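Before any comments, here is the structure.
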Amino acid sequence: MADHFHINTPLLESMAMSNRVGTSVFLKMENMQPSGSFKIRGIGHFCQQLASGSKGVVCSSGGNAGMAAAYTARKLNLQATIVLPSSSPTLVVQRLKDQGASVRVVGRVWDDANAEALRLAEAEQLVHVPPFDHPLLWEGHSSVINEVWLSLGPALKPGAVLVSVGGGGLLCGVVQGLKKVGWADVPVVAMETIGADSFNASVKAGQLVTLDDITSEAKCLGAKTVCQQAFDLSQSGEVKIISELVTDLQALHAVETFLEEERVLVELSCGAALAAVYSGIILRLQQEGRLSTPLGPLVVIVCGGSSVNMEELTQLKLKLQK
């Protein structure tokens, strides 16, 4: 069996984005993972540790975690059951089935699907694969920063790392990775869309907040409560975490600009992180003194997205531009 299921993704310098912010911008291309997103790092690691030899796995996911679980299960010769909320795009259902997974659609938002996944795990004695809230996931995700460190070399330290935040698993992994390679002084800009902003709401309130509903179209950011570990990290000060929000329209503009300039299609959730550059947030944070001037190179985690194609993008544009 392979040591791990993820690949070492390219770290590409974007001249177009670099020119926008006046410093080098490096793109960690997690969209090129076998499952379409960074999720394969943590979920692959989790399944290797806990699911080998089991009856199978069950995972609740708006898309990317489910794809990672289905891919990993196939490689481990296990049956995967993926529970999706009804808000998931139909193309995700087909892609999961292509990986050999059994798909169930339950509820309207991720929290509903997760409750069913937990019930199935107990009833059918399956290994429950959490999409974002487990130390093994964070440990797996931390490998993304180790790769960045190896690519840039110890002499070139990032000025900031940009991530999208949904449940907070990637954020936890990035912080863990930064501490591991000696970059604990590198700030993380944590991006969410308005309407899927449980992390930002928690940071502002000084306590964990559960949203009433997910109203953003960035469904893969749609956890009504961010994981406790992500909130704790925001309060600990071990690594500076700056929480920022963009609108769905700003995230959509970022997706379209990224497609035009970099020739890569990513989903709206990933657009949240890209929008930090395209919507001027990085420059504003410098003006406010929250990021340094001059600024070292920016690393953007292009988290990916298995739940987008041109048809989905067109439908999203029509919905958001009404």
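Scheme for the structure tokens: letters A, B, ... for chains in order shown; per-chain residue numbers from 1; ligand numbers from 1 in order shown.
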Secondary structure check, strand (DSSP E) residues of stretch 74-317 of chain A, as a VMD selection string = chain A and resid 80 to 84 102 to 105 127 to 129 160 to 164 188 to 193 241 to 246 298 to 302
For A:Pro85, list every protein, DNA or RNA residue within 8 Å, evaluated using only C-alpha atoms, and leave out those in the same chain fewer than 6 positions away; present the list as a PDB file with all heavy atoms, in the first residue's frame.
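Wrote result-v3.pdb, looks like this:
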```pdb
ATOM      1  N   SER A  61     -20.818  14.867   3.324  1.00  0.00           N
ATOM      2  CA  SER A  61     -20.030  15.859   2.604  1.00  0.00           C
ATOM      3  C   SER A  61     -20.849  16.576   1.561  1.00  0.00           C
ATOM      4  O   SER A  61     -21.652  15.965   0.866  1.00  0.00           O
ATOM      5  CB  SER A  61     -18.845  15.184   1.910  1.00  0.00           C
ATOM      6  OG  SER A  61     -18.225  16.061   0.999  1.00  0.00           O
ATOM      7  N   GLY A  62     -20.594  17.892   1.449  1.00  0.00           N
ATOM      8  CA  GLY A  62     -21.157  18.668   0.350  1.00  0.00           C
ATOM      9  C   GLY A  62     -20.390  18.443  -0.932  1.00  0.00           C
ATOM     10  O   GLY A  62     -20.663  19.061  -1.945  1.00  0.00           O
ATOM     11  N   VAL A 105     -28.915  10.986  -0.236  1.00  0.00           N
ATOM     12  CA  VAL A 105     -29.191  12.421  -0.097  1.00  0.00           C
ATOM     13  C   VAL A 105     -30.163  12.602   1.066  1.00  0.00           C
ATOM     14  O   VAL A 105     -31.278  12.080   1.039  1.00  0.00           O
ATOM     15  CB  VAL A 105     -29.776  13.010  -1.399  1.00  0.00           C
ATOM     16  CG1 VAL A 105     -30.105  14.489  -1.213  1.00  0.00           C
ATOM     17  CG2 VAL A 105     -28.796  12.818  -2.553  1.00  0.00           C
ATOM     18  N   VAL A 106     -29.710  13.342   2.095  1.00  0.00           N
ATOM     19  CA  VAL A 106     -30.504  13.512   3.317  1.00  0.00           C
ATOM     20  C   VAL A 106     -30.422  14.967   3.781  1.00  0.00           C
ATOM     21  O   VAL A 106     -29.328  15.514   3.936  1.00  0.00           O
ATOM     22  CB  VAL A 106     -30.000  12.583   4.452  1.00  0.00           C
ATOM     23  CG1 VAL A 106     -30.771  12.852   5.753  1.00  0.00           C
ATOM     24  CG2 VAL A 106     -30.120  11.123   4.049  1.00  0.00           C
ATOM     25  N   GLY A 107     -31.574  15.595   3.998  1.00  0.00           N
ATOM     26  CA  GLY A 107     -31.599  16.938   4.573  1.00  0.00           C
ATOM     27  C   GLY A 107     -31.216  18.021   3.586  1.00  0.00           C
ATOM     28  O   GLY A 107     -30.927  17.767   2.412  1.00  0.00           O
ATOM     29  N   ARG A 108     -31.194  19.250   4.108  1.00  0.00           N
ATOM     30  CA  ARG A 108     -30.961  20.407   3.239  1.00  0.00           C
ATOM     31  C   ARG A 108     -29.546  20.961   3.360  1.00  0.00           C
ATOM     32  O   ARG A 108     -29.010  21.508   2.409  1.00  0.00           O
ATOM     33  CB  ARG A 108     -31.985  21.504   3.593  1.00  0.00           C
ATOM     34  CG  ARG A 108     -32.190  22.543   2.509  1.00  0.00           C
ATOM     35  CD  ARG A 108     -33.349  23.456   2.840  1.00  0.00           C
ATOM     36  NE  ARG A 108     -33.161  24.171   4.095  1.00  0.00           N
ATOM     37  CZ  ARG A 108     -32.432  25.281   4.212  1.00  0.00           C
ATOM     38  NH1 ARG A 108     -31.811  25.794   3.163  1.00  0.00           N
ATOM     39  NH2 ARG A 108     -32.311  25.887   5.385  1.00  0.00           N
ATOM     40  N   VAL A 109     -28.960  20.863   4.557  1.00  0.00           N
ATOM     41  CA  VAL A 109     -27.602  21.378   4.783  1.00  0.00           C
ATOM     42  C   VAL A 109     -26.721  20.272   5.337  1.00  0.00           C
ATOM     43  O   VAL A 109     -27.202  19.199   5.722  1.00  0.00           O
ATOM     44  CB  VAL A 109     -27.592  22.597   5.752  1.00  0.00           C
ATOM     45  CG1 VAL A 109     -28.341  23.769   5.143  1.00  0.00           C
ATOM     46  CG2 VAL A 109     -28.186  22.230   7.108  1.00  0.00           C
ATOM     47  N   TRP A 110     -25.404  20.554   5.397  1.00  0.00           N
ATOM     48  CA  TRP A 110     -24.435  19.536   5.810  1.00  0.00           C
ATOM     49  C   TRP A 110     -24.754  18.937   7.171  1.00  0.00           C
ATOM     50  O   TRP A 110     -24.623  17.721   7.379  1.00  0.00           O
ATOM     51  CB  TRP A 110     -23.009  20.134   5.837  1.00  0.00           C
ATOM     52  CG  TRP A 110     -22.049  19.162   6.415  1.00  0.00           C
ATOM     53  CD1 TRP A 110     -21.468  18.101   5.776  1.00  0.00           C
ATOM     54  CD2 TRP A 110     -21.591  19.100   7.775  1.00  0.00           C
ATOM     55  NE1 TRP A 110     -20.680  17.390   6.654  1.00  0.00           N
ATOM     56  CE2 TRP A 110     -20.740  17.983   7.874  1.00  0.00           C
ATOM     57  CE3 TRP A 110     -21.831  19.890   8.903  1.00  0.00           C
ATOM     58  CZ2 TRP A 110     -20.107  17.636   9.067  1.00  0.00           C
ATOM     59  CZ3 TRP A 110     -21.213  19.540  10.101  1.00  0.00           C
ATOM     60  CH2 TRP A 110     -20.365  18.428  10.173  1.00  0.00           C
ATOM     61  N   ASP A 112     -27.487  18.243   8.583  1.00  0.00           N
ATOM     62  CA  ASP A 112     -28.503  17.188   8.459  1.00  0.00           C
ATOM     63  C   ASP A 112     -27.871  15.893   7.948  1.00  0.00           C
ATOM     64  O   ASP A 112     -28.136  14.802   8.468  1.00  0.00           O
ATOM     65  CB  ASP A 112     -29.607  17.621   7.482  1.00  0.00           C
ATOM     66  CG  ASP A 112     -30.286  18.915   7.887  1.00  0.00           C
ATOM     67  OD1 ASP A 112     -30.386  19.183   9.100  1.00  0.00           O
ATOM     68  OD2 ASP A 112     -30.707  19.670   6.984  1.00  0.00           O
ATOM     69  N   ALA A 113     -27.053  16.024   6.918  1.00  0.00           N
ATOM     70  CA  ALA A 113     -26.386  14.854   6.344  1.00  0.00           C
ATOM     71  C   ALA A 113     -25.443  14.199   7.355  1.00  0.00           C
ATOM     72  O   ALA A 113     -25.344  12.968   7.436  1.00  0.00           O
ATOM     73  CB  ALA A 113     -25.618  15.257   5.081  1.00  0.00           C
TER      74      ALA A 113
END
```
For A:Glu147, which of A:Leu265, A:Glu30, A:Val25, A:Lys322 is the closest residue, counting only C-alpha atoms?
->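 When distances to A:Glu147 are compared using only C-alpha atoms, the smallest one comes from A:Glu30.
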Give me the stretch 146-180 of chain A side of the contact with stretch 238-245 of chain A, cut-off 10 Å, one line per residue showing its nearest atom pair and distance in Å at one decimal, counting only C-alpha atoms, sorted by chain and residue number, as a tab-separated table.
```
residue	atom	partner	partner_atom	distance
A:Ala160	CA	A:Lys240	CA	9.6
A:Val161	CA	A:Ile241	CA	9.6
A:Leu162	CA	A:Ile242	CA	9.6
A:Ser164	CA	A:Glu244	CA	9.8
A:Val165	CA	A:Ser243	CA	9.3
A:Leu171	CA	A:Ile241	CA	9.2
A:Val175	CA	A:Val239	CA	6.7
A:Gln176	CA	A:Val239	CA	9.3
A:Leu178	CA	A:Val239	CA	8.3
A:Lys179	CA	A:Val239	CA	8.0
```
Interface rows for stretch 245-297 of chain A against stretch 33-50 of chain A: nearest pair, Å to one decimal, 12 Å, only C-alpha atoms, as JSON lines:
```
{"residue": "A:Leu265", "atom": "CA", "partner": "A:Gly36", "partner_atom": "CA", "distance": 11.2}
{"residue": "A:Val266", "atom": "CA", "partner": "A:Gly36", "partner_atom": "CA", "distance": 9.5}
{"residue": "A:Glu267", "atom": "CA", "partner": "A:Ser37", "partner_atom": "CA", "distance": 10.3}
{"residue": "A:Ser269", "atom": "CA", "partner": "A:Ser37", "partner_atom": "CA", "distance": 11.2}
{"residue": "A:Cys270", "atom": "CA", "partner": "A:Ser37", "partner_atom": "CA", "distance": 9.8}
```
So how many Å separate atom CA of A:Leu137 and atom CA of A:Gly169, to one decimal?
->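 One can read the atom CA of A:Leu137 to atom CA of A:Gly169 distance as 6.9 Å.
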Closest pair table for stretch 120-189 of chain A residues within 10 Å of stretch 57-60 of chain A, only C-alpha atoms, as JSON lines:
```
{"residue": "A:Leu120", "atom": "CA", "partner": "A:Val58", "partner_atom": "CA", "distance": 7.4}
{"residue": "A:Ala121", "atom": "CA", "partner": "A:Val58", "partner_atom": "CA", "distance": 6.4}
{"residue": "A:Glu124", "atom": "CA", "partner": "A:Val58", "partner_atom": "CA", "distance": 9.7}
{"residue": "A:Gln125", "atom": "CA", "partner": "A:Val57", "partner_atom": "CA", "distance": 8.9}
{"residue": "A:Leu126", "atom": "CA", "partner": "A:Val57", "partner_atom": "CA", "distance": 5.2}
{"residue": "A:Val127", "atom": "CA", "partner": "A:Val57", "partner_atom": "CA", "distance": 4.6}
{"residue": "A:His128", "atom": "CA", "partner": "A:Val58", "partner_atom": "CA", "distance": 5.1}
{"residue": "A:Val129", "atom": "CA", "partner": "A:Cys59", "partner_atom": "CA", "distance": 5.0}
{"residue": "A:Pro130", "atom": "CA", "partner": "A:Cys59", "partner_atom": "CA", "distance": 6.4}
{"residue": "A:Pro131", "atom": "CA", "partner": "A:Ser60", "partner_atom": "CA", "distance": 6.9}
```
Grab the residues selected above and save them as a tab-separated table (two decimals), in the first residue's frame with N, CA and C atoms.
```
chain	number	residue	atom	x	y	z
A	120	LEU	N	-25.77	6.01	10.59
A	120	LEU	CA	-25.37	4.86	9.77
A	120	LEU	C	-24.11	4.18	10.30
A	121	ALA	N	-23.16	4.99	10.75
A	121	ALA	CA	-21.90	4.44	11.28
A	121	ALA	C	-22.19	3.50	12.44
A	124	GLU	N	-24.63	0.34	11.13
A	124	GLU	CA	-24.02	-0.61	10.20
A	124	GLU	C	-22.56	-0.89	10.51
A	125	GLN	N	-22.09	-0.40	11.65
A	125	GLN	CA	-20.70	-0.63	12.11
A	125	GLN	C	-19.67	-0.21	11.05
A	126	LEU	N	-19.87	1.00	10.55
A	126	LEU	CA	-18.95	1.58	9.57
A	126	LEU	C	-18.05	2.58	10.28
A	127	VAL	N	-16.89	2.85	9.71
A	127	VAL	CA	-16.00	3.88	10.24
A	127	VAL	C	-16.49	5.24	9.75
A	128	HIS	N	-16.83	6.11	10.70
A	128	HIS	CA	-17.30	7.45	10.33
A	128	HIS	C	-16.10	8.33	10.02
A	129	VAL	N	-16.06	8.88	8.82
A	129	VAL	CA	-14.97	9.77	8.40
A	129	VAL	C	-15.45	11.21	8.57
A	130	PRO	N	-14.96	11.92	9.58
A	130	PRO	CA	-15.39	13.30	9.77
A	130	PRO	C	-14.79	14.18	8.68
A	131	PRO	N	-15.57	15.12	8.13
A	131	PRO	CA	-15.04	15.95	7.04
A	131	PRO	C	-13.94	16.93	7.46
```
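Minimum distance to A:Ile194 across A:Asp248, A:Asp98, A:Glu312, A:Glu13 (counting only C-alpha atoms) occurs at A:Asp248.
Across A:Met67, A:Val163, A:Ile7, A:Ser236, the tightest approach to A:Leu91 is made by A:Met67 when counting only C-alpha atoms.
Between A:Leu156 and the residues A:Asn64, A:Pro297, A:Val203, A:Lys224, the shortest atom-to-atom distance, using only C-alpha atoms, involves A:Pro297.
Distances from A:Phe26, A:Phe231, A:Phe258, A:Phe132 to A:Ile301 were compared using only C-alpha atoms, and the smallest one belongs to A:Phe26.
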Just the residues within 10 Å of A:Pro154, please, counting only C-alpha atoms, with nothing from its chain fewer than 6 positions along; format it as a PyMOL selection string.
-> chain A and resi 148+181-183
Can you write just those residues out, N, CA and C atoms, as a PDB file, in the first residue's frame?
```
ATOM      1  N   VAL A 148       5.227  23.283   0.842  1.00  0.00           N
ATOM      2  CA  VAL A 148       5.527  24.685   0.526  1.00  0.00           C
ATOM      3  C   VAL A 148       6.922  25.043   1.042  1.00  0.00           C
ATOM      4  N   VAL A 181       7.235  23.631  10.755  1.00  0.00           N
ATOM      5  CA  VAL A 181       8.406  24.020   9.951  1.00  0.00           C
ATOM      6  C   VAL A 181       9.084  25.286  10.480  1.00  0.00           C
ATOM      7  N   GLY A 182       8.619  25.786  11.627  1.00  0.00           N
ATOM      8  CA  GLY A 182       9.255  26.967  12.209  1.00  0.00           C
ATOM      9  C   GLY A 182       8.754  28.282  11.645  1.00  0.00           C
ATOM     10  N   TRP A 183       7.538  28.267  11.091  1.00  0.00           N
ATOM     11  CA  TRP A 183       6.947  29.482  10.522  1.00  0.00           C
ATOM     12  C   TRP A 183       5.764  29.986  11.358  1.00  0.00           C
TER      13      TRP A 183
END
```
